[in-house]
>>> print(open('target_4.cif').read())   # mmCIF, C-alpha atoms
data_query
#
loop_
_atom_site.label_atom_id
_atom_site.label_comp_id
_atom_site.auth_asym_id
_atom_site.auth_seq_id
_atom_site.Cartn_x
_atom_site.Cartn_y
_atom_site.Cartn_z
CA MET V 1 102.35 158.77 121.44
CA ASN V 2 105.28 159.59 119.22
CA HIS V 3 106.09 156.22 117.72
CA LYS V 4 109.47 157.34 116.47
CA ILE V 5 111.25 158.71 119.55
CA VAL V 6 113.47 156.64 121.83
CA ALA V 7 114.31 158.68 124.93
CA SER V 8 117.87 158.01 126.03
CA LEU V 9 117.76 158.71 129.76
CA ASP V 10 121.42 158.64 130.81
CA ILE V 11 120.62 159.63 134.35
CA THR V 12 122.19 158.20 137.51
CA ASP V 13 119.77 159.78 140.01
CA GLU V 14 116.93 157.28 140.46
CA LYS V 15 114.28 159.81 141.51
CA LYS V 16 114.99 162.05 138.54
CA LEU V 17 115.12 159.08 136.15
CA ILE V 18 111.80 157.61 137.28
CA SER V 19 110.17 161.03 137.33
CA ILE V 20 111.09 161.85 133.73
CA ALA V 21 110.37 158.29 132.58
CA GLU V 22 106.87 158.44 134.07
CA GLU V 23 106.22 161.85 132.58
CA ILE V 24 107.17 160.87 129.02
CA SER V 25 106.52 157.11 128.85
CA ASN V 26 103.17 157.44 127.06
CA SER V 27 104.65 159.84 124.53
CA VAL V 28 107.68 157.92 123.30
CA PHE V 29 108.29 154.56 121.64
CA ALA V 30 110.78 153.35 124.26
CA ILE V 31 113.22 154.43 126.96
CA LYS V 32 116.89 153.63 126.52
CA ILE V 33 119.40 153.31 129.36
CA ASN V 34 123.11 152.63 129.36
CA TRP V 35 125.85 151.25 131.65
CA PRO V 36 126.32 154.43 133.74
CA THR V 37 122.70 154.15 134.92
CA ILE V 38 122.95 150.40 135.59
CA LEU V 39 126.30 150.79 137.38
CA SER V 40 124.89 153.54 139.57
CA LEU V 41 121.45 152.09 140.33
CA GLY V 42 121.90 148.34 139.81
CA LYS V 43 120.33 146.20 137.12
CA SER V 44 116.95 146.22 138.91
CA ILE V 45 116.37 149.69 137.42
CA ILE V 46 115.69 147.89 134.12
CA GLY V 47 112.79 146.00 135.68
CA LYS V 48 111.46 149.14 137.38
CA LEU V 49 111.37 151.08 134.12
CA SER V 50 109.94 148.15 132.17
CA MET V 51 106.80 148.37 134.32
CA PHE V 52 105.67 151.39 132.33
CA SER V 53 107.74 151.52 129.13
CA LYS V 54 109.59 149.42 126.62
CA VAL V 55 113.22 149.48 127.81
CA ILE V 56 116.22 149.30 125.49
CA CYS V 57 119.47 148.40 127.26
CA ASP V 58 122.21 150.12 125.29
CA LEU V 59 125.03 147.93 126.51
CA LYS V 60 127.10 147.86 123.30
CA ILE V 61 128.00 144.28 124.24
CA ALA V 62 131.26 143.37 122.48
CA ASP V 63 132.77 140.21 123.90
CA ILE V 64 133.42 136.60 122.89
CA PRO V 65 130.40 134.28 122.46
CA ASN V 66 130.57 132.66 125.91
CA THR V 67 130.75 136.00 127.73
CA ASN V 68 128.03 137.53 125.53
CA ARG V 69 125.78 134.63 126.55
CA LEU V 70 126.49 135.20 130.25
CA ILE V 71 125.74 138.93 129.91
CA ILE V 72 122.43 138.48 128.07
CA GLU V 73 121.40 135.82 130.61
CA GLN V 74 121.95 138.26 133.48
CA ILE V 75 120.11 141.08 131.69
CA SER V 76 117.20 138.85 130.63
CA LYS V 77 116.10 138.49 134.24
CA GLU V 78 115.03 142.16 134.20
CA ASN V 79 112.80 141.90 131.11
CA PRO V 80 114.11 144.64 128.83
CA TRP V 81 112.39 144.97 125.45
CA ALA V 82 115.68 145.09 123.53
CA VAL V 83 119.45 145.02 124.02
CA ILE V 84 122.09 146.68 121.84
CA GLY V 85 125.23 144.71 120.95
CA HIS V 86 128.17 145.27 118.61
CA LEU V 87 128.67 143.34 115.39
CA PHE V 88 132.40 144.04 114.96
CA PRO V 89 133.57 141.33 117.42
CA GLY V 90 132.43 138.88 114.74
CA PRO V 91 129.37 136.89 113.65
CA ASP V 92 129.91 134.22 116.32
CA SER V 93 129.66 136.81 119.07
CA MET V 94 126.43 138.31 117.68
CA LYS V 95 125.00 134.84 117.06
CA SER V 96 125.50 134.03 120.73
CA LEU V 97 123.56 137.17 121.72
CA VAL V 98 120.66 136.41 119.37
CA ASP V 99 120.54 132.71 120.25
CA ASN V 100 120.41 133.42 123.98
CA SER V 101 118.09 136.42 123.94
CA GLY V 102 114.73 134.61 124.25
CA GLU V 103 111.97 137.18 123.73
CA ILE V 104 114.39 140.11 123.88
CA LYS V 105 115.09 141.88 120.60
CA ILE V 106 118.74 142.36 119.64
CA ILE V 107 119.86 145.56 117.92
CA GLY V 108 123.31 145.51 116.27
CA VAL V 109 125.61 148.49 115.74
CA ALA V 110 126.50 149.38 112.13
CA SER V 111 127.86 152.83 112.93
CA MET V 112 127.93 155.24 115.86
CA SER V 113 127.45 159.00 116.10
CA ASN V 114 131.05 159.87 117.05
CA PRO V 115 133.56 161.13 114.45
CA GLY V 116 135.85 158.17 115.26
CA SER V 117 133.22 155.83 113.87
CA ASN V 118 134.64 156.78 110.45
CA VAL V 119 137.90 154.96 111.14
CA TYR V 120 136.92 151.31 111.61
CA LEU V 121 133.13 150.92 111.78
CA ASN V 122 131.85 152.94 108.82
CA PRO V 123 134.11 151.38 106.16
CA ASN V 124 132.55 148.03 107.17
CA PHE V 125 128.91 149.11 107.36
CA GLU V 126 127.70 146.97 104.45
CA ASN V 127 129.08 143.76 105.94
CA LEU V 128 127.94 144.68 109.44
CA VAL V 129 124.37 145.29 108.22
CA SER V 130 124.49 142.08 106.20
CA ASP V 131 125.60 140.14 109.31
CA ALA V 132 122.75 141.67 111.33
CA ILE V 133 120.20 140.52 108.73
CA THR V 134 121.68 137.03 108.42
CA LEU V 135 121.94 136.51 112.18
CA GLY V 136 118.37 137.57 112.90
CA CYS V 137 118.84 140.89 114.62
CA TYR V 138 115.71 143.03 115.03
CA GLY V 139 117.36 146.34 114.33
CA ILE V 140 120.52 148.23 113.58
CA VAL V 141 122.10 151.40 114.98
CA ALA V 142 122.94 154.02 112.34
CA PRO V 143 123.85 157.67 112.99
CA GLY V 144 121.17 160.34 112.83
CA ASN V 145 123.83 163.01 112.32
CA ASP V 146 125.35 161.52 109.14
CA TYR V 147 122.49 161.59 106.64
CA GLU V 148 124.50 160.23 103.74
CA LEU V 149 125.63 157.13 105.64
CA LEU V 150 122.17 156.78 107.17
CA GLY V 151 120.67 156.76 103.68
CA LYS V 152 123.09 154.08 102.52
CA ILE V 153 122.35 151.90 105.55
CA SER V 154 118.63 152.46 105.01
CA ARG V 155 118.90 151.08 101.47
CA ALA V 156 120.80 147.99 102.76
CA LYS V 157 118.73 147.31 105.87
CA GLY V 158 116.35 144.62 104.60
CA PRO V 159 113.88 143.79 107.40
CA LEU V 160 115.89 145.60 110.10
CA LYS V 161 114.56 148.62 111.95
CA ILE V 162 116.98 151.56 112.10
CA PHE V 163 117.65 153.24 115.48
CA SER V 164 119.49 156.55 115.16
CA PRO V 165 121.46 158.35 117.86
CA GLY V 166 123.24 161.64 117.28
CA VAL V 167 120.13 163.81 117.15
CA GLY V 168 119.90 166.91 119.32
CA ALA V 169 123.07 167.64 121.34
CA GLN V 170 125.20 165.76 118.77
CA GLY V 171 123.98 167.82 115.83
CA GLY V 172 121.47 165.67 113.97
CA GLY V 173 117.94 166.88 113.17
CA TYR V 174 114.87 164.82 114.04
CA LYS V 175 112.95 165.35 110.78
CA LYS V 176 116.04 165.00 108.62
CA ALA V 177 116.98 161.70 110.30
CA ILE V 178 113.49 160.32 109.68
CA SER V 179 113.50 161.41 106.06
CA SER V 180 116.97 159.87 105.63
CA GLY V 181 115.75 156.45 106.77
CA SER V 182 115.56 156.26 110.58
CA ASP V 183 112.67 154.23 111.95
CA TYR V 184 113.38 155.40 115.48
CA VAL V 185 115.30 158.47 116.59
CA ILE V 186 117.24 158.31 119.84
CA ILE V 187 117.29 161.62 121.71
CA GLY V 188 119.11 162.02 125.00
CA ARG V 189 120.39 165.28 126.44
CA SER V 190 117.82 167.39 124.57
CA ILE V 191 115.12 165.52 126.50
CA TYR V 192 116.56 164.91 129.96
CA GLU V 193 118.38 168.24 130.28
CA ASN V 194 115.24 170.08 129.17
CA PRO V 195 113.20 171.67 131.97
CA GLU V 196 110.06 170.57 130.11
CA PRO V 197 110.85 167.18 128.52
CA LEU V 198 107.26 166.34 127.56
CA LYS V 199 106.71 169.69 125.88
CA TYR V 200 109.94 169.21 123.90
CA ILE V 201 108.73 165.78 122.70
CA MET V 202 105.28 167.09 121.80
CA ASN V 203 106.83 169.84 119.73
CA LEU V 204 108.88 167.28 117.79
CA GLU V 205 105.70 165.26 117.19
CA GLY V 206 104.09 168.35 115.75
CA GLU V 207 107.05 168.74 113.40
CA ASN V 208 106.76 165.17 112.15
CA MET P 1 153.69 134.75 142.98
CA ASN P 2 153.30 134.00 139.30
CA HIS P 3 153.80 137.41 137.75
CA LYS P 4 152.36 136.33 134.42
CA ILE P 5 148.93 134.91 135.25
CA VAL P 6 145.73 136.96 135.28
CA ALA P 7 142.93 134.86 136.78
CA SER P 8 139.67 135.54 135.01
CA LEU P 9 137.06 134.78 137.65
CA ASP P 10 133.77 134.87 135.76
CA ILE P 11 131.78 133.80 138.78
CA THR P 12 128.42 135.20 139.88
CA ASP P 13 128.31 133.56 143.32
CA GLU P 14 129.96 136.00 145.73
CA LYS P 15 131.05 133.44 148.31
CA LYS P 16 132.71 131.25 145.68
CA LEU P 17 134.31 134.27 143.99
CA ILE P 18 135.80 135.69 147.19
CA SER P 19 136.92 132.27 148.32
CA ILE P 20 138.86 131.51 145.13
CA ALA P 21 140.17 135.08 144.94
CA GLU P 22 141.53 134.88 148.49
CA GLU P 23 143.09 131.49 147.85
CA ILE P 24 144.98 132.54 144.72
CA SER P 25 145.51 136.31 145.12
CA ASN P 26 149.13 135.98 146.28
CA SER P 27 149.92 133.63 143.43
CA VAL P 28 148.70 135.61 140.43
CA PHE P 29 149.45 139.00 138.91
CA ALA P 30 145.83 140.17 138.95
CA ILE P 31 142.21 139.06 139.07
CA LYS P 32 139.96 139.91 136.13
CA ILE P 33 136.17 140.19 136.32
CA ASN P 34 133.58 140.92 133.66
CA TRP P 35 130.02 142.27 133.32
CA PRO P 36 128.22 139.06 134.38
CA THR P 37 129.89 139.29 137.79
CA ILE P 38 129.21 143.02 138.14
CA LEU P 39 125.59 142.63 136.99
CA SER P 40 125.02 139.84 139.46
CA LEU P 41 126.86 141.24 142.50
CA GLY P 42 126.90 145.01 141.89
CA LYS P 43 129.91 147.17 141.17
CA SER P 44 130.96 147.09 144.85
CA ILE P 45 132.47 143.65 144.16
CA ILE P 46 135.31 145.50 142.39
CA GLY P 47 136.17 147.34 145.59
CA LYS P 48 135.91 144.16 147.67
CA LEU P 49 138.32 142.27 145.42
CA SER P 50 140.70 145.23 145.15
CA MET P 51 141.34 144.96 148.90
CA PHE P 52 143.58 141.96 148.28
CA SER P 53 144.45 141.90 144.57
CA LYS P 54 144.93 144.05 141.52
CA VAL P 55 141.55 144.00 139.75
CA ILE P 56 141.14 144.25 135.98
CA CYS P 57 137.59 145.14 134.90
CA ASP P 58 137.12 143.48 131.53
CA LEU P 59 134.26 145.67 130.38
CA LYS P 60 135.12 145.81 126.67
CA ILE P 61 133.81 149.39 126.74
CA ALA P 62 132.80 150.36 123.20
CA ASP P 63 130.69 153.50 123.15
CA ILE P 64 130.94 157.14 122.06
CA PRO P 65 133.33 159.43 123.96
CA ASN P 66 130.73 160.99 126.28
CA THR P 67 129.32 157.62 127.37
CA ASN P 68 132.80 156.12 127.74
CA ARG P 69 133.61 158.97 130.13
CA LEU P 70 130.47 158.34 132.19
CA ILE P 71 131.26 154.61 132.42
CA ILE P 72 134.88 155.06 133.51
CA GLU P 73 133.75 157.67 136.06
CA GLN P 74 131.33 155.18 137.63
CA ILE P 75 133.92 152.39 137.64
CA SER P 76 136.69 154.62 139.05
CA LYS P 77 134.87 154.89 142.35
CA GLU P 78 135.67 151.23 143.03
CA ASN P 79 139.44 151.51 142.47
CA PRO P 80 140.17 148.83 139.90
CA TRP P 81 143.79 148.54 138.78
CA ALA P 82 142.88 148.49 135.09
CA VAL P 83 139.91 148.58 132.72
CA ILE P 84 139.65 146.98 129.27
CA GLY P 85 138.09 148.99 126.45
CA HIS P 86 137.74 148.50 122.69
CA LEU P 87 139.72 150.49 120.14
CA PHE P 88 137.32 149.68 117.30
CA PRO P 89 134.80 152.48 118.05
CA GLY P 90 137.51 154.97 117.06
CA PRO P 91 140.40 156.96 118.53
CA ASP P 92 138.08 159.60 120.04
CA SER P 93 136.31 156.95 122.11
CA MET P 94 139.56 155.45 123.43
CA LYS P 95 140.98 158.93 124.08
CA SER P 96 137.98 159.67 126.29
CA LEU P 97 138.65 156.51 128.31
CA VAL P 98 142.34 157.29 128.77
CA ASP P 99 141.76 160.97 129.53
CA ASN P 100 139.19 160.19 132.23
CA SER P 101 140.86 157.16 133.80
CA GLY P 102 142.94 158.95 136.45
CA GLU P 103 145.27 156.37 138.03
CA ILE P 104 143.50 153.45 136.34
CA LYS P 105 145.37 151.75 133.52
CA ILE P 106 143.54 151.32 130.23
CA ILE P 107 144.01 148.16 128.17
CA GLY P 108 142.80 148.26 124.55
CA VAL P 109 141.61 145.32 122.46
CA ALA P 110 143.59 144.49 119.31
CA SER P 111 142.09 141.05 118.82
CA MET P 112 139.95 138.59 120.75
CA SER P 113 140.14 134.82 121.20
CA ASN P 114 136.95 133.96 119.27
CA PRO P 115 137.09 132.77 115.62
CA GLY P 116 134.88 135.74 114.60
CA SER P 117 137.71 138.08 115.56
CA ASN P 118 139.18 137.21 112.16
CA VAL P 119 136.40 139.05 110.34
CA TYR P 120 136.71 142.68 111.44
CA LEU P 121 139.24 143.01 114.28
CA ASN P 122 142.26 141.04 113.09
CA PRO P 123 142.58 142.67 109.65
CA ASN P 124 142.93 145.99 111.53
CA PHE P 125 145.34 144.87 114.26
CA GLU P 126 148.26 147.06 113.14
CA ASN P 127 146.21 150.26 113.24
CA LEU P 128 144.49 149.26 116.48
CA VAL P 129 147.85 148.65 118.18
CA SER P 130 149.20 151.90 116.77
CA ASP P 131 146.17 153.79 118.16
CA ALA P 132 146.72 152.19 121.58
CA ILE P 133 150.34 153.37 121.63
CA THR P 134 149.51 156.89 120.42
CA LEU P 135 146.62 157.33 122.85
CA GLY P 136 148.59 156.23 125.91
CA CYS P 137 147.07 152.86 126.70
CA TYR P 138 148.95 150.70 129.19
CA GLY P 139 148.34 147.43 127.44
CA ILE P 140 146.69 145.57 124.62
CA VAL P 141 144.61 142.39 124.41
CA ALA P 142 145.94 139.82 121.92
CA PRO P 143 144.88 136.18 121.65
CA GLY P 144 146.86 133.47 123.42
CA ASN P 145 145.39 130.85 121.09
CA ASP P 146 146.62 132.41 117.81
CA TYR P 147 150.41 132.36 118.14
CA GLU P 148 151.08 133.79 114.69
CA LEU P 149 148.91 136.86 115.26
CA LEU P 150 150.21 137.16 118.83
CA GLY P 151 153.76 137.22 117.47
CA LYS P 152 152.88 139.96 114.98
CA ILE P 153 151.21 142.06 117.66
CA SER P 154 154.19 141.48 119.94
CA ARG P 155 156.54 142.93 117.33
CA ALA P 156 154.28 146.01 116.91
CA LYS P 157 153.48 146.62 120.57
CA GLY P 158 156.03 149.31 121.45
CA PRO P 159 155.73 150.07 125.19
CA LEU P 160 152.40 148.23 125.58
CA LYS P 161 152.00 145.15 127.78
CA ILE P 162 150.23 142.24 126.10
CA PHE P 163 147.36 140.51 127.92
CA SER P 164 146.34 137.22 126.31
CA PRO P 165 143.04 135.39 126.74
CA GLY P 166 142.22 132.12 124.99
CA VAL P 167 144.50 129.93 127.10
CA GLY P 168 143.10 126.79 128.71
CA ALA P 169 139.46 126.06 127.81
CA GLN P 170 139.83 128.00 124.55
CA GLY P 171 142.80 125.97 123.35
CA GLY P 172 145.86 128.16 123.90
CA GLY P 173 148.90 126.92 125.85
CA TYR P 174 150.41 128.94 128.70
CA LYS P 175 154.08 128.47 127.81
CA LYS P 176 153.48 128.87 124.08
CA ALA P 177 151.59 132.15 124.65
CA ILE P 178 154.46 133.51 126.76
CA SER P 179 157.07 132.47 124.20
CA SER P 180 154.95 134.06 121.44
CA GLY P 181 154.96 137.44 123.17
CA SER P 182 152.36 137.57 125.96
CA ASP P 183 153.36 139.55 129.03
CA TYR P 184 150.34 138.31 130.96
CA VAL P 185 148.24 135.24 130.29
CA ILE P 186 144.55 135.36 131.16
CA ILE P 187 143.19 132.01 132.36
CA GLY P 188 139.56 131.57 133.31
CA ARG P 189 137.67 128.30 133.33
CA SER P 190 140.82 126.19 133.84
CA ILE P 191 141.28 128.00 137.16
CA TYR P 192 137.79 128.59 138.53
CA GLU P 193 136.32 125.27 137.39
CA ASN P 194 139.31 123.42 138.84
CA PRO P 195 138.73 121.74 142.23
CA GLU P 196 142.24 122.87 143.21
CA PRO P 197 142.82 126.30 141.60
CA LEU P 198 145.98 127.11 143.54
CA LYS P 199 147.60 123.78 142.68
CA TYR P 200 146.77 124.34 139.01
CA ILE P 201 148.45 127.77 139.11
CA MET P 202 151.51 126.45 140.95
CA ASN P 203 151.96 123.75 138.35
CA LEU P 204 151.90 126.38 135.58
CA GLU P 205 154.51 128.39 137.48
CA GLY P 206 156.69 125.32 137.60
CA GLU P 207 156.37 125.02 133.85
CA ASN P 208 157.46 128.59 133.26
#
>>> encode(input="target_4.cif", output="structure tokens")
Amino acid sequence: MNHKIVASLDITDEKKLISIAEEISNSVFAIKINWPTILSLGKSIIGKLSMFSKVICDLKIADIPNTNRLIIEQISKENPWAVIGHLFPGPDSMKSLVDNSGEIKIIGVASMSNPGSNVYLNPNFENLVSDAITLGCYGIVAPGNDYELLGKISRAKGPLKIFSPGVGAQGGGYKKAISSGSDYVIIGRSIYENPEPLKYIMNLEGEN
Amino acid sequence: MNHKIVASLDITDEKKLISIAEEISNSVFAIKINWPTILSLGKSIIGKLSMFSKVICDLKIADIPNTNRLIIEQISKENPWAVIGHLFPGPDSMKSLVDNSGEIKIIGVASMSNPGSNVYLNPNFENLVSDAITLGCYGIVAPGNDYELLGKISRAKGPLKIFSPGVGAQGGGYKKAISSGSDYVIIGRSIYENPEPLKYIMNLEGEN
């Protein structure tokens, strides 16, 4: 198993999703899905995938405390391993997610892999990471295609685990992200658009 | 019809939701639903409600451009009137929502009704509103329980329509929100937890 890869399977075809998930589940740390998959297949897909893999629901939850609580309560029924939520709506919103998450781990967002992340998120990364530590998050999202920022977040992370998107189709390199501080590297299109997803993952493992 | 009320029906019981929606649909501007409802009842509930009311999907979408596009594509199939997305992830993320929204109106978030909104969102409200105008949003979310901030956003809004949560259970007053600059006032628990929702709405209309 490659303990450092999170496979982001942004697929809306259930057969294809389950097929790839089954093929790679023993070779990755976790499988991540997002709203497009849940909207297309219903939230029960979380439970189906969690039968054979840790599942991270990348929901980027970003609402007021009461609504955050209602969302995590709905998602909890499907037993994901972790859920991703934003920190920028404020500490009260993130506190509501953590307090209502039960056994589910909460991963906060310090920065994303898009260029626009430089405008509002990145200038606040130190406070966002600090909030995540204080509020009891398990991990933090930091970009795997911005090694300088990733390094800074790595030095500020305390006990948090770093999950890094932006590797593969978005330009980041797997080894470079790891050496810059990522604990887990999120890879999407390079896995699920690859005709041989398992072989691609095994090759990365060899590189590590 | 009260042209200024958006009823936020955060209900996960389909019978109760449809029943209240049918009762009030001719007396409000639009009905707003959020993730807990969609997670519980499936996205088809959007289409069901849109048969007799404008539907605003309050999804607070906050992801990278490619994922934002995939989310709005899934939601578009159900013909909502408008979708709410965050501006904080950066102009490229909001641009992707607007560019892929077709006939659906996009409402950006300048500020929310929770106290934590003061930490990261509110200090950036001028730039967030400016982004919303530049990128072609239809409206902006600004709190109906912070009249000073609402007034400031109202003076900066340009052609945007202001949608204000925070009225009712969260402390804001309907008339005061309108006089501070709200074009539409979002009311949730005070409507759907009321034994007589329509009467409550009619009384507000009388006040206006």
>>> interface_residues(input="target_4.cif", of="chain P", to="chain V", cutoff="7 Å", atoms="all atoms listed in the file", output="list in words")
Trp35, Pro36, Leu39, Ser40, Gly42, Lys43, Lys60, Ala62, Asp63, Ile64, Leu70, Ile71, Gln74, Phe88, Pro89, Gly90, Pro91, Asp92, Ser93, Asn114, Gly116, Ser117, Val119, Tyr120 and Leu121 of chain P
>>> atom_distance(input="target_4.cif", atom1="atom CA of V:Tyr200", atom2="atom CA of V:Ala30")
15.9 Å
>>> residues_near_point(input="target_4.cif", point="(121.3, 150.7, 102.7)", cutoff="12 Å", atoms="only C-alpha atoms", output="PyMOL selection string")
chain V and resi 110+125-130+133+140+142+147-162+180-182
>>> atom_distance(input="target_4.cif", atom1="atom CA of V:Glu23", atom2="atom CA of V:Ser101")
29.4 Å
>>> atom_distance(input="target_4.cif", atom1="atom CA of P:Lys48", atom2="atom CA of P:Ser76")
13.6 Å
>>> resolve_selection(input="target_4.cif", expression="the PyMOL selection byres ((chain V and resi 31) around 6)", output="list in words")
Val6, Ala7, Ser8, Ala30, Lys32 and Val55 of chain V
>>> closest_residue(input="target_4.cif", among="P:Ser27, P:Asn79, P:Asn194, P:Asn145", to="P:Tyr174", atoms="all atoms listed in the file")
P:Asn145
>>> resolve_selection(input="target_4.cif", expression="the PyMOL selection byres ((chain V and resi 175) around 12)", output="list of chain:residue names")
V:Lys4, V:Ile5, V:Gly144, V:Asn145, V:Tyr147, V:Ser164, V:Val167, V:Gly168, V:Gly172, V:Gly173, V:Tyr174, V:Lys176, V:Ala177, V:Ile178, V:Ser179, V:Ser180, V:Gly181, V:Ser182, V:Asp183, V:Tyr184, V:Val185, V:Asn203, V:Leu204, V:Glu205, V:Gly206, V:Glu207, V:Asn208
>>> resolve_selection(input="target_4.cif", expression="the PyMOL selection byres ((chain P and resi 193) around 12)", output="PyMOL selection string")
chain P and resi 7-11+16-17+20+168-169+187-192+194-198+200
>>> residues_around(input="target_4.cif", residues="P:Ile106", least_positions_apart="6", cutoff="7 Å", atoms="all atoms listed in the file", output="PyMOL selection string")
chain P and resi 82-84+98+137-139
>>> closest_residue(input="target_4.cif", among="P:Ile186, P:Gly171, P:Ser96, P:Pro143", to="P:Ile33", atoms="all atoms listed in the file")
P:Ile186
>>> decode(input="target_4.cif", residues="stretch 107-114 of chain V", atoms="all heavy atoms", output="PDB file, in the first residue's frame")
ATOM      1  N   ILE V 107     -10.968  17.814   8.323  1.00  0.00           N
ATOM      2  CA  ILE V 107      -9.794  18.407   7.676  1.00  0.00           C
ATOM      3  C   ILE V 107     -10.177  19.817   7.228  1.00  0.00           C
ATOM      4  O   ILE V 107     -11.151  19.999   6.494  1.00  0.00           O
ATOM      5  CB  ILE V 107      -9.362  17.552   6.465  1.00  0.00           C
ATOM      6  CG1 ILE V 107      -9.038  16.113   6.922  1.00  0.00           C
ATOM      7  CG2 ILE V 107      -8.169  18.193   5.742  1.00  0.00           C
ATOM      8  CD1 ILE V 107      -8.903  15.118   5.775  1.00  0.00           C
ATOM      9  N   GLY V 108      -9.449  20.829   7.692  1.00  0.00           N
ATOM     10  CA  GLY V 108      -9.730  22.216   7.332  1.00  0.00           C
ATOM     11  C   GLY V 108      -8.942  22.631   6.091  1.00  0.00           C
ATOM     12  O   GLY V 108      -7.958  22.003   5.724  1.00  0.00           O
ATOM     13  N   VAL V 109      -9.376  23.705   5.472  1.00  0.00           N
ATOM     14  CA  VAL V 109      -8.690  24.200   4.267  1.00  0.00           C
ATOM     15  C   VAL V 109      -7.877  25.446   4.628  1.00  0.00           C
ATOM     16  O   VAL V 109      -8.440  26.458   5.052  1.00  0.00           O
ATOM     17  CB  VAL V 109      -9.690  24.556   3.151  1.00  0.00           C
ATOM     18  CG1 VAL V 109      -8.953  25.138   1.941  1.00  0.00           C
ATOM     19  CG2 VAL V 109     -10.508  23.338   2.753  1.00  0.00           C
ATOM     20  N   ALA V 110      -6.552  25.359   4.449  1.00  0.00           N
ATOM     21  CA  ALA V 110      -5.693  26.536   4.636  1.00  0.00           C
ATOM     22  C   ALA V 110      -5.502  27.253   3.315  1.00  0.00           C
ATOM     23  O   ALA V 110      -5.416  28.481   3.261  1.00  0.00           O
ATOM     24  CB  ALA V 110      -4.334  26.127   5.191  1.00  0.00           C
ATOM     25  N   SER V 111      -5.444  26.483   2.237  1.00  0.00           N
ATOM     26  CA  SER V 111      -5.158  27.037   0.917  1.00  0.00           C
ATOM     27  C   SER V 111      -5.587  26.004  -0.113  1.00  0.00           C
ATOM     28  O   SER V 111      -5.589  24.805   0.164  1.00  0.00           O
ATOM     29  CB  SER V 111      -3.656  27.315   0.799  1.00  0.00           C
ATOM     30  OG  SER V 111      -3.316  27.621  -0.536  1.00  0.00           O
ATOM     31  N   MET V 112      -5.962  26.469  -1.299  1.00  0.00           N
ATOM     32  CA  MET V 112      -6.363  25.536  -2.352  1.00  0.00           C
ATOM     33  C   MET V 112      -5.353  25.607  -3.497  1.00  0.00           C
ATOM     34  O   MET V 112      -4.414  26.406  -3.473  1.00  0.00           O
ATOM     35  CB  MET V 112      -7.775  25.838  -2.828  1.00  0.00           C
ATOM     36  CG  MET V 112      -8.807  25.748  -1.674  1.00  0.00           C
ATOM     37  SD  MET V 112     -10.494  25.424  -2.198  1.00  0.00           S
ATOM     38  CE  MET V 112     -10.806  26.858  -3.224  1.00  0.00           C
ATOM     39  N   SER V 113      -5.575  24.765  -4.504  1.00  0.00           N
ATOM     40  CA  SER V 113      -4.582  24.633  -5.575  1.00  0.00           C
ATOM     41  C   SER V 113      -4.837  25.570  -6.743  1.00  0.00           C
ATOM     42  O   SER V 113      -4.076  25.582  -7.711  1.00  0.00           O
ATOM     43  CB  SER V 113      -4.563  23.178  -6.066  1.00  0.00           C
ATOM     44  OG  SER V 113      -5.868  22.763  -6.429  1.00  0.00           O
ATOM     45  N   ASN V 114      -5.911  26.375  -6.679  1.00  0.00           N
ATOM     46  CA  ASN V 114      -6.206  27.305  -7.778  1.00  0.00           C
ATOM     47  C   ASN V 114      -5.432  28.614  -7.602  1.00  0.00           C
ATOM     48  O   ASN V 114      -5.144  29.030  -6.470  1.00  0.00           O
ATOM     49  CB  ASN V 114      -7.710  27.606  -7.838  1.00  0.00           C
ATOM     50  CG  ASN V 114      -8.249  28.202  -6.546  1.00  0.00           C
ATOM     51  OD1 ASN V 114      -7.913  27.740  -5.470  1.00  0.00           O
ATOM     52  ND2 ASN V 114      -9.060  29.233  -6.655  1.00  0.00           N
TER      53      ASN V 114
END
